[in-house]
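Have a look at the structure below before the remarks.
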Amino acid sequence: MSLAAEGMIPVLGGCAGALVGGPDAGAIGGVMGVFVGQAVERVINFFGIRIVDCWTNWFRQHTPEERDAALTELANLPAEEARKQASQLIDELVLEPIDAADREVAISYLSLLPLALDRALPRQANTGLRSLPPTISFDEPAQLLSLLPMTLPPYPVGAEVPDTPYKLDALLGCGGFGAVYRASTRTLQHLPLAIKFCLDPALAKSLQREQTNLERLMKAGGQDWSPRVVRLYGYDLEHPTPYLVYEFVTGGDLIRYVAEQREKLGRPLNPDEVLKLIEQITEALAFAHSHGLVHRDLKPANVLVESGVLKLADFGLGGVTAARAVQTSRIGATTVDTLSAADQASLFRGAGTPLYMSPEQRRGQAPDPRHDLYSLGVMWYQLLVGDVSRELHPGWAKELTLRFQVPRSHINLIESCVGWFEERPKTAGELLEQIRGLSNEKSGGTGAGPSPTNEIGNPAQGEPAIVAAPLVTPSTVALPSDEMRLGLLQSKLRQLNEVYKSLKVVDGWVWVLGPAAGAAVAWGVFAIESRLPVVLNLFGLICCFVLAWYIRFWREGSLQLRRIELIRTLTQEFPAIVQSWGGEVMLHDAEMVQRLVQRYATDQPPLGTD
């Protein structure tokens, strides 16, 4: 942490203003939440290169044991102690007076380092020490960037998210999309949640266009829900900090899991072990494709692990992050040095880059399940070579055969994923049948294929196998958890109530502003030249009335559009509840909306079948 602070000091002055745009720039005052909706630069782009340069120089002068000990000490540092040490370091190293906002940025970022390292570094089974994964080198600053947090969190731990029922219990990470917290609610304290905040205004706008896919994912959560897919419980894309509420998964991502397995086994995963991991991911895709969903951003960072069971995450976000990746970077073997620190960190984390995109997806073709299968093929290759930063080069098949002794049958399936678009399996369901057939041949069985695994090669208990189904239009079913949508309902009702209050105020403008302005003009004209005809004074009064009417109708028009939008959202997302109120017509009654706001703020009734 001391080395990181030393690297940050030269660029610390004015960093808050450089990182934040808008009227609040330079006036952060220690409140991280003001970054929301204003960030114009990721913090890693500002500090990252300087930090890893200091780290690299230190690593070169010390033994591997000393390196691991230093990483372990920092990764194990508790959050409160990390912030205390960060504050002391900044005060000791800064020799001149520093703006409070710049100081808070530096302390906040430094105190995130232990969390980032804890999530990124596997723990050695025999010593408990942390060490770099095999794919990261002490000598490569670009690779070390993947250990750093991307941005600052919008809220402190322990805070309640404004206008929602959620309390933030722990910060889980800060990535390219935003910040992720473990959260809870008063009504469902037994159910841990993961809230993902979108902190990039550009991504937030793109996320609005993904609302149809988000609703489709939520409506797919009926009795046949797959244990291979992380549940989406709710979202609010119009909140000051747009967020999505997911099932909380206790483990890390696939990158960390594979590194831990490699450390545990003392060797890389063999082709059969990799096949079992790929089978679980294919099961998740088969479920999604059968419900008309395409992930579009499949990568190791989006595969989470809970007790050895793989779960595919971030459905509904793929179109946002993948499109942004295509726009911001064209990853190639010779272009890494031209990328920003954030893009380099994403590359070596296997996240947020076009590395996994099919050629068709890069060209902007419509979402298709075969795009996901291409990404799966790239991941399959990377898991076999043990490097999630590797591109799928022209000689990949020969490399797998000669260097890693991968069976030809496995290579054939990878080729079917990454080959000609027309010859790929139409959905993951088709590929899943082939993978299970291959597993059966290996085990000598003749049944329907192996059941899901909770460890490499160990069957999970009580989990049904996922049966491939044709691509269909999803049917409307009950949402996964009614209570989880209470926050969204309350928020929309409050917003609609505020619109009605504003409309009432605007309605009185013409009778207050008009006469007041007219009287002022008339008095002014009379004071300047009392000999002017009375008719001119009357003309000035009439003009002010017209101006007041114009202002009123212009403002009223924008409010009415907002009112219609909120009513449409409520009727679409909570049809049964709106019907229980007496239908959409009740939402056009300002007094009725006010009563609903008061009722749901105090009683918190159940949300019926919505």
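Naming scheme: A, B, ... for chains in displayed order of the structure tokens; residues 1 onward per chain; ligands 1 onward as shown.
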Shell of 9 Å around Val157 of chain A, only C-alpha atoms, local chain residues under 5 positions omitted, as a CSV table (one decimal) with N, CA and C atoms, in the first residue's frame:
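Result file result_31.csv:
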```csv
chain,number,residue,atom,x,y,z
A,167,LYS,N,-30.2,-2.5,2.0
A,167,LYS,CA,-29.1,-2.0,2.9
A,167,LYS,C,-27.8,-2.7,2.4
A,168,LEU,N,-26.7,-2.0,2.2
A,168,LEU,CA,-25.4,-2.5,1.7
A,168,LEU,C,-24.6,-3.0,2.8
A,169,ASP,N,-24.4,-4.4,2.8
A,169,ASP,CA,-23.7,-5.0,3.9
A,169,ASP,C,-22.2,-5.2,3.7
A,170,ALA,N,-21.8,-5.3,2.4
A,170,ALA,CA,-20.4,-5.4,2.2
A,170,ALA,C,-20.1,-5.1,0.7
A,171,LEU,N,-18.9,-4.5,0.5
A,171,LEU,CA,-18.5,-4.2,-0.9
A,171,LEU,C,-17.8,-5.5,-1.5
A,181,TYR,N,-22.2,-4.9,-4.4
A,181,TYR,CA,-22.3,-5.0,-3.0
A,181,TYR,C,-23.1,-6.3,-2.6
```
List every residue of segment 143-200 of chain A that DSSP, applied to the backbone of this structure, places in strand (DSSP E), and write the result as a ChimeraX atom specification. /A:166-174,178-185,193-198
For the residues in that selection, give me C-alpha atoms as a compact mmCIF listing (two decimals), in the first residue's frame.
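What landed in out.txt:
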```txt
# COMPACT_ATOMS: atom_id res chain seq x y z
CA TYR A 166 -31.87 -2.31 0.32
CA LYS A 167 -29.05 -2.02 2.85
CA LEU A 168 -25.45 -2.49 1.68
CA ASP A 169 -23.72 -5.01 3.91
CA ALA A 170 -20.36 -5.44 2.17
CA LEU A 171 -18.51 -4.22 -0.90
CA LEU A 172 -17.70 -7.13 -3.22
CA GLY A 173 -15.78 -5.34 -5.95
CA CYS A 174 -15.46 -2.42 -8.35
CA GLY A 178 -19.64 -0.38 -11.70
CA ALA A 179 -19.66 -1.53 -8.07
CA VAL A 180 -21.12 -4.71 -6.60
CA TYR A 181 -22.29 -5.04 -2.99
CA ARG A 182 -23.75 -7.80 -0.87
CA ALA A 183 -27.06 -6.45 0.37
CA SER A 184 -30.15 -7.33 2.37
CA THR A 185 -33.67 -6.07 3.01
CA LEU A 193 -28.51 -10.33 -2.43
CA ALA A 194 -25.94 -8.88 -4.79
CA ILE A 195 -26.64 -5.36 -6.07
CA LYS A 196 -24.73 -4.22 -9.12
CA PHE A 197 -24.66 -0.44 -9.65
CA CYS A 198 -24.02 1.01 -13.09
```
Using only C-alpha atoms, which residues sit within 9 Å of segment 400-403 of chain A once same-chain residues fewer than 4 positions away are excluded, as number ranges by chain? A: 381, 384-385, 395-396, 407-408, 411
Kindly save the residues from that selection, with N, CA and C atoms included, as a PDB file, in the first residue's frame.
```pdb
ATOM      1  N   TYR A 381     -10.862 -23.290 -25.185  1.00  0.00           N
ATOM      2  CA  TYR A 381      -9.442 -23.275 -25.559  1.00  0.00           C
ATOM      3  C   TYR A 381      -8.595 -22.680 -24.439  1.00  0.00           C
ATOM      4  N   LEU A 384      -8.048 -24.940 -21.477  1.00  0.00           N
ATOM      5  CA  LEU A 384      -7.137 -26.038 -21.786  1.00  0.00           C
ATOM      6  C   LEU A 384      -5.674 -25.596 -21.744  1.00  0.00           C
ATOM      7  N   VAL A 385      -5.406 -24.351 -22.167  1.00  0.00           N
ATOM      8  CA  VAL A 385      -4.022 -23.866 -22.140  1.00  0.00           C
ATOM      9  C   VAL A 385      -3.709 -23.159 -20.814  1.00  0.00           C
ATOM     10  N   GLY A 395      -3.338 -21.444 -35.290  1.00  0.00           N
ATOM     11  CA  GLY A 395      -2.781 -22.771 -35.020  1.00  0.00           C
ATOM     12  C   GLY A 395      -3.229 -23.379 -33.716  1.00  0.00           C
ATOM     13  N   TRP A 396      -4.391 -22.953 -33.211  1.00  0.00           N
ATOM     14  CA  TRP A 396      -4.821 -23.386 -31.881  1.00  0.00           C
ATOM     15  C   TRP A 396      -5.038 -24.903 -31.800  1.00  0.00           C
ATOM     16  N   PRO A 407      -7.632 -34.674 -26.668  1.00  0.00           N
ATOM     17  CA  PRO A 407      -8.189 -35.643 -27.619  1.00  0.00           C
ATOM     18  C   PRO A 407      -8.838 -34.960 -28.822  1.00  0.00           C
ATOM     19  N   ARG A 408      -8.792 -35.641 -29.930  1.00  0.00           N
ATOM     20  CA  ARG A 408      -9.357 -35.090 -31.162  1.00  0.00           C
ATOM     21  C   ARG A 408     -10.855 -34.845 -31.024  1.00  0.00           C
ATOM     22  N   ILE A 411     -11.355 -31.458 -29.565  1.00  0.00           N
ATOM     23  CA  ILE A 411     -11.015 -30.415 -30.537  1.00  0.00           C
ATOM     24  C   ILE A 411     -12.112 -30.270 -31.580  1.00  0.00           C
TER      25      ILE A 411
END
```
Please, what distance in Å, to one decimal, runs between atom CA of Arg568 of chain A and atom CA of Leu214 of chain A? 17.0 Å
Leu152 of chain A environment, 8 Å, only C-alpha atoms, sequence neighbours closer than 2 positions dropped, as a ChimeraX atom specification: /A:32,43,108-109,149-150,154,174,179
Please save C-alpha atoms of the selected residues as a PDB file, in the first residue's frame.
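Below is the file selection33.pdb, written as the result:
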```pdb
ATOM      1  CA  MET A  32     -18.200   8.894  -2.406  1.00  0.00           C
ATOM      2  CA  VAL A  43      -9.761   5.787 -11.449  1.00  0.00           C
ATOM      3  CA  SER A 108     -10.751   5.551  -0.932  1.00  0.00           C
ATOM      4  CA  TYR A 109      -8.820   3.986  -3.791  1.00  0.00           C
ATOM      5  CA  PRO A 149      -9.937  -1.928  -8.631  1.00  0.00           C
ATOM      6  CA  MET A 150     -11.418  -0.162 -11.643  1.00  0.00           C
ATOM      7  CA  PRO A 154     -20.932   4.991  -4.943  1.00  0.00           C
ATOM      8  CA  CYS A 174     -15.460  -2.417  -8.349  1.00  0.00           C
ATOM      9  CA  ALA A 179     -19.662  -1.528  -8.075  1.00  0.00           C
TER      10      ALA A 179
END
```
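Distance-wise, atom CA of Gln490 of chain A and atom CA of Val245 of chain A end up 15.6 Å apart.
Residues with any atom within 12 Å of Val578 of chain A, counting only C-alpha atoms and excluding same-chain neighbours fewer than 4 positions away, are Leu489, Leu493, Ile567, Arg568, Thr569, Leu570, Thr571, Gln572, Glu573, Phe574, Gly582, Gly583, Glu584, Val585, Met586, Leu587, His588, Met592, Val593, Leu596, Leu607, Gly608, Thr609 and Asp610 of chain A.
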Using N, CA and C atoms, can you write the selected residues to a file as a PDB file, in the first residue's frame?
```pdb
ATOM      1  N   LEU A 489     -41.609  -0.678  -7.110  1.00  0.00           N
ATOM      2  CA  LEU A 489     -42.974  -0.170  -7.050  1.00  0.00           C
ATOM      3  C   LEU A 489     -43.043   1.117  -6.236  1.00  0.00           C
ATOM      4  N   LEU A 493     -44.081   4.894  -7.725  1.00  0.00           N
ATOM      5  CA  LEU A 493     -45.215   5.615  -7.151  1.00  0.00           C
ATOM      6  C   LEU A 493     -44.787   6.973  -6.604  1.00  0.00           C
ATOM      7  N   ILE A 567     -46.834   5.922 -15.636  1.00  0.00           N
ATOM      8  CA  ILE A 567     -48.043   5.097 -15.601  1.00  0.00           C
ATOM      9  C   ILE A 567     -47.877   3.869 -16.485  1.00  0.00           C
ATOM     10  N   ARG A 568     -47.266   4.048 -17.655  1.00  0.00           N
ATOM     11  CA  ARG A 568     -47.035   2.916 -18.545  1.00  0.00           C
ATOM     12  C   ARG A 568     -46.111   1.890 -17.895  1.00  0.00           C
ATOM     13  N   THR A 569     -45.052   2.374 -17.223  1.00  0.00           N
ATOM     14  CA  THR A 569     -44.123   1.467 -16.550  1.00  0.00           C
ATOM     15  C   THR A 569     -44.826   0.662 -15.458  1.00  0.00           C
ATOM     16  N   LEU A 570     -45.634   1.328 -14.655  1.00  0.00           N
ATOM     17  CA  LEU A 570     -46.339   0.649 -13.571  1.00  0.00           C
ATOM     18  C   LEU A 570     -47.320  -0.394 -14.106  1.00  0.00           C
ATOM     19  N   THR A 571     -48.051  -0.056 -15.151  1.00  0.00           N
ATOM     20  CA  THR A 571     -49.034  -1.002 -15.682  1.00  0.00           C
ATOM     21  C   THR A 571     -48.378  -2.180 -16.374  1.00  0.00           C
ATOM     22  N   GLN A 572     -47.193  -1.967 -16.951  1.00  0.00           N
ATOM     23  CA  GLN A 572     -46.501  -3.061 -17.631  1.00  0.00           C
ATOM     24  C   GLN A 572     -45.796  -3.985 -16.651  1.00  0.00           C
ATOM     25  N   GLU A 573     -45.183  -3.410 -15.614  1.00  0.00           N
ATOM     26  CA  GLU A 573     -44.387  -4.223 -14.705  1.00  0.00           C
ATOM     27  C   GLU A 573     -45.199  -4.801 -13.548  1.00  0.00           C
ATOM     28  N   PHE A 574     -46.351  -4.177 -13.227  1.00  0.00           N
ATOM     29  CA  PHE A 574     -47.173  -4.672 -12.119  1.00  0.00           C
ATOM     30  C   PHE A 574     -48.644  -4.750 -12.556  1.00  0.00           C
ATOM     31  N   GLY A 582     -57.979  -1.028  -9.230  1.00  0.00           N
ATOM     32  CA  GLY A 582     -59.106  -0.533 -10.013  1.00  0.00           C
ATOM     33  C   GLY A 582     -58.722  -0.221 -11.441  1.00  0.00           C
ATOM     34  N   GLY A 583     -57.514  -0.622 -11.848  1.00  0.00           N
ATOM     35  CA  GLY A 583     -57.080  -0.410 -13.215  1.00  0.00           C
ATOM     36  C   GLY A 583     -56.224   0.827 -13.383  1.00  0.00           C
ATOM     37  N   GLU A 584     -55.778   1.017 -14.612  1.00  0.00           N
ATOM     38  CA  GLU A 584     -54.874   2.134 -14.914  1.00  0.00           C
ATOM     39  C   GLU A 584     -55.511   3.487 -14.624  1.00  0.00           C
ATOM     40  N   VAL A 585     -56.826   3.571 -14.725  1.00  0.00           N
ATOM     41  CA  VAL A 585     -57.506   4.842 -14.517  1.00  0.00           C
ATOM     42  C   VAL A 585     -57.214   5.423 -13.133  1.00  0.00           C
ATOM     43  N   MET A 586     -56.966   4.549 -12.146  1.00  0.00           N
ATOM     44  CA  MET A 586     -56.696   5.040 -10.797  1.00  0.00           C
ATOM     45  C   MET A 586     -55.373   5.789 -10.724  1.00  0.00           C
ATOM     46  N   LEU A 587     -54.434   5.465 -11.609  1.00  0.00           N
ATOM     47  CA  LEU A 587     -53.136   6.146 -11.605  1.00  0.00           C
ATOM     48  C   LEU A 587     -53.231   7.551 -12.191  1.00  0.00           C
ATOM     49  N   HIS A 588     -54.364   7.868 -12.817  1.00  0.00           N
ATOM     50  CA  HIS A 588     -54.579   9.228 -13.320  1.00  0.00           C
ATOM     51  C   HIS A 588     -55.192  10.134 -12.261  1.00  0.00           C
ATOM     52  N   MET A 592     -55.382   9.508  -5.395  1.00  0.00           N
ATOM     53  CA  MET A 592     -55.237   8.066  -5.262  1.00  0.00           C
ATOM     54  C   MET A 592     -53.750   7.690  -5.218  1.00  0.00           C
ATOM     55  N   VAL A 593     -52.953   8.296  -6.059  1.00  0.00           N
ATOM     56  CA  VAL A 593     -51.517   8.008  -6.078  1.00  0.00           C
ATOM     57  C   VAL A 593     -50.876   8.404  -4.754  1.00  0.00           C
ATOM     58  N   LEU A 596     -51.633   5.792  -2.227  1.00  0.00           N
ATOM     59  CA  LEU A 596     -50.843   4.577  -2.474  1.00  0.00           C
ATOM     60  C   LEU A 596     -49.420   4.737  -1.966  1.00  0.00           C
ATOM     61  N   LEU A 607     -47.005  -8.049  -2.841  1.00  0.00           N
ATOM     62  CA  LEU A 607     -47.260  -7.591  -4.197  1.00  0.00           C
ATOM     63  C   LEU A 607     -48.073  -8.584  -5.023  1.00  0.00           C
ATOM     64  N   GLY A 608     -48.801  -9.450  -4.418  1.00  0.00           N
ATOM     65  CA  GLY A 608     -49.670 -10.329  -5.166  1.00  0.00           C
ATOM     66  C   GLY A 608     -48.915 -11.249  -6.087  1.00  0.00           C
ATOM     67  N   THR A 609     -49.391 -11.398  -7.315  1.00  0.00           N
ATOM     68  CA  THR A 609     -48.782 -12.333  -8.267  1.00  0.00           C
ATOM     69  C   THR A 609     -47.838 -11.656  -9.221  1.00  0.00           C
ATOM     70  N   ASP A 610     -47.562 -10.365  -9.015  1.00  0.00           N
ATOM     71  CA  ASP A 610     -46.619  -9.696  -9.899  1.00  0.00           C
ATOM     72  C   ASP A 610     -45.199  -9.971  -9.497  1.00  0.00           C
TER      73      ASP A 610
END
```
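Nearest to Ser206 of chain A of all the residues A:Pro122, A:Pro156, A:Pro242, A:Gly17 is A:Pro242, counting only C-alpha atoms.
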Polymer residues at most 10 Å from Leu431 of chain A, only C-alpha atoms, same-chain spacing of 3 or more positions, as an MDAnalysis selection string: chainID A and resid 279 282:283 285:286 373 413 416:417 424:428 434:437 468
When DSSP works through the backbone of this structure, what residues of segment 151-272 of chain A end up as alpha helix (DSSP H), shown as a ChimeraX atom specification? /A:201-208,211-219,254-265,271-272
Restricting it to C-alpha atoms, dump the selection as a PDB file, in the first residue's frame.
```pdb
ATOM      1  CA  PRO A 201     -23.606   7.253 -17.658  1.00  0.00           C
ATOM      2  CA  ALA A 202     -23.017   5.961 -21.186  1.00  0.00           C
ATOM      3  CA  LEU A 203     -23.556   2.361 -20.097  1.00  0.00           C
ATOM      4  CA  ALA A 204     -26.642   3.383 -18.112  1.00  0.00           C
ATOM      5  CA  LYS A 205     -28.247   4.746 -21.284  1.00  0.00           C
ATOM      6  CA  SER A 206     -27.443   1.543 -23.152  1.00  0.00           C
ATOM      7  CA  LEU A 207     -28.854  -0.467 -20.264  1.00  0.00           C
ATOM      8  CA  GLN A 208     -32.243   1.164 -20.785  1.00  0.00           C
ATOM      9  CA  GLN A 211     -35.064  -3.744 -20.384  1.00  0.00           C
ATOM     10  CA  THR A 212     -36.916  -6.253 -22.573  1.00  0.00           C
ATOM     11  CA  ASN A 213     -34.216  -8.865 -22.009  1.00  0.00           C
ATOM     12  CA  LEU A 214     -34.191  -8.149 -18.273  1.00  0.00           C
ATOM     13  CA  GLU A 215     -37.944  -8.718 -18.088  1.00  0.00           C
ATOM     14  CA  ARG A 216     -37.649 -11.886 -20.142  1.00  0.00           C
ATOM     15  CA  LEU A 217     -35.009 -13.216 -17.762  1.00  0.00           C
ATOM     16  CA  MET A 218     -37.172 -12.489 -14.729  1.00  0.00           C
ATOM     17  CA  LYS A 219     -40.231 -14.127 -16.283  1.00  0.00           C
ATOM     18  CA  LEU A 254     -14.155 -19.081 -12.864  1.00  0.00           C
ATOM     19  CA  ILE A 255     -10.705 -17.508 -13.178  1.00  0.00           C
ATOM     20  CA  ARG A 256     -10.089 -17.727  -9.459  1.00  0.00           C
ATOM     21  CA  TYR A 257     -11.658 -21.179  -9.204  1.00  0.00           C
ATOM     22  CA  VAL A 258      -9.397 -22.627 -11.903  1.00  0.00           C
ATOM     23  CA  ALA A 259      -6.344 -21.045 -10.253  1.00  0.00           C
ATOM     24  CA  GLU A 260      -7.317 -22.574  -6.899  1.00  0.00           C
ATOM     25  CA  GLN A 261      -7.888 -25.988  -8.481  1.00  0.00           C
ATOM     26  CA  ARG A 262      -4.510 -25.780 -10.163  1.00  0.00           C
ATOM     27  CA  GLU A 263      -2.891 -24.987  -6.817  1.00  0.00           C
ATOM     28  CA  LYS A 264      -4.835 -27.755  -5.109  1.00  0.00           C
ATOM     29  CA  LEU A 265      -4.026 -30.412  -7.735  1.00  0.00           C
ATOM     30  CA  PRO A 271      -8.999 -32.095 -20.862  1.00  0.00           C
ATOM     31  CA  ASP A 272     -11.610 -34.244 -19.083  1.00  0.00           C
TER      32      ASP A 272
END
```
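Using only C-alpha atoms, the shortest contact distance between Val378 of chain A and any of A:Ala106, A:Leu112, A:Leu298, A:Leu432 is found at A:Leu298.
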List the neighbours of Phe59 of chain A out to 12 Å using only C-alpha atoms; skip same-chain residues closer than 2 positions along the sequence, and give me the result as a VMD selection string. chain A and resid 3 52 to 57 61 to 71 132 137 to 141 144
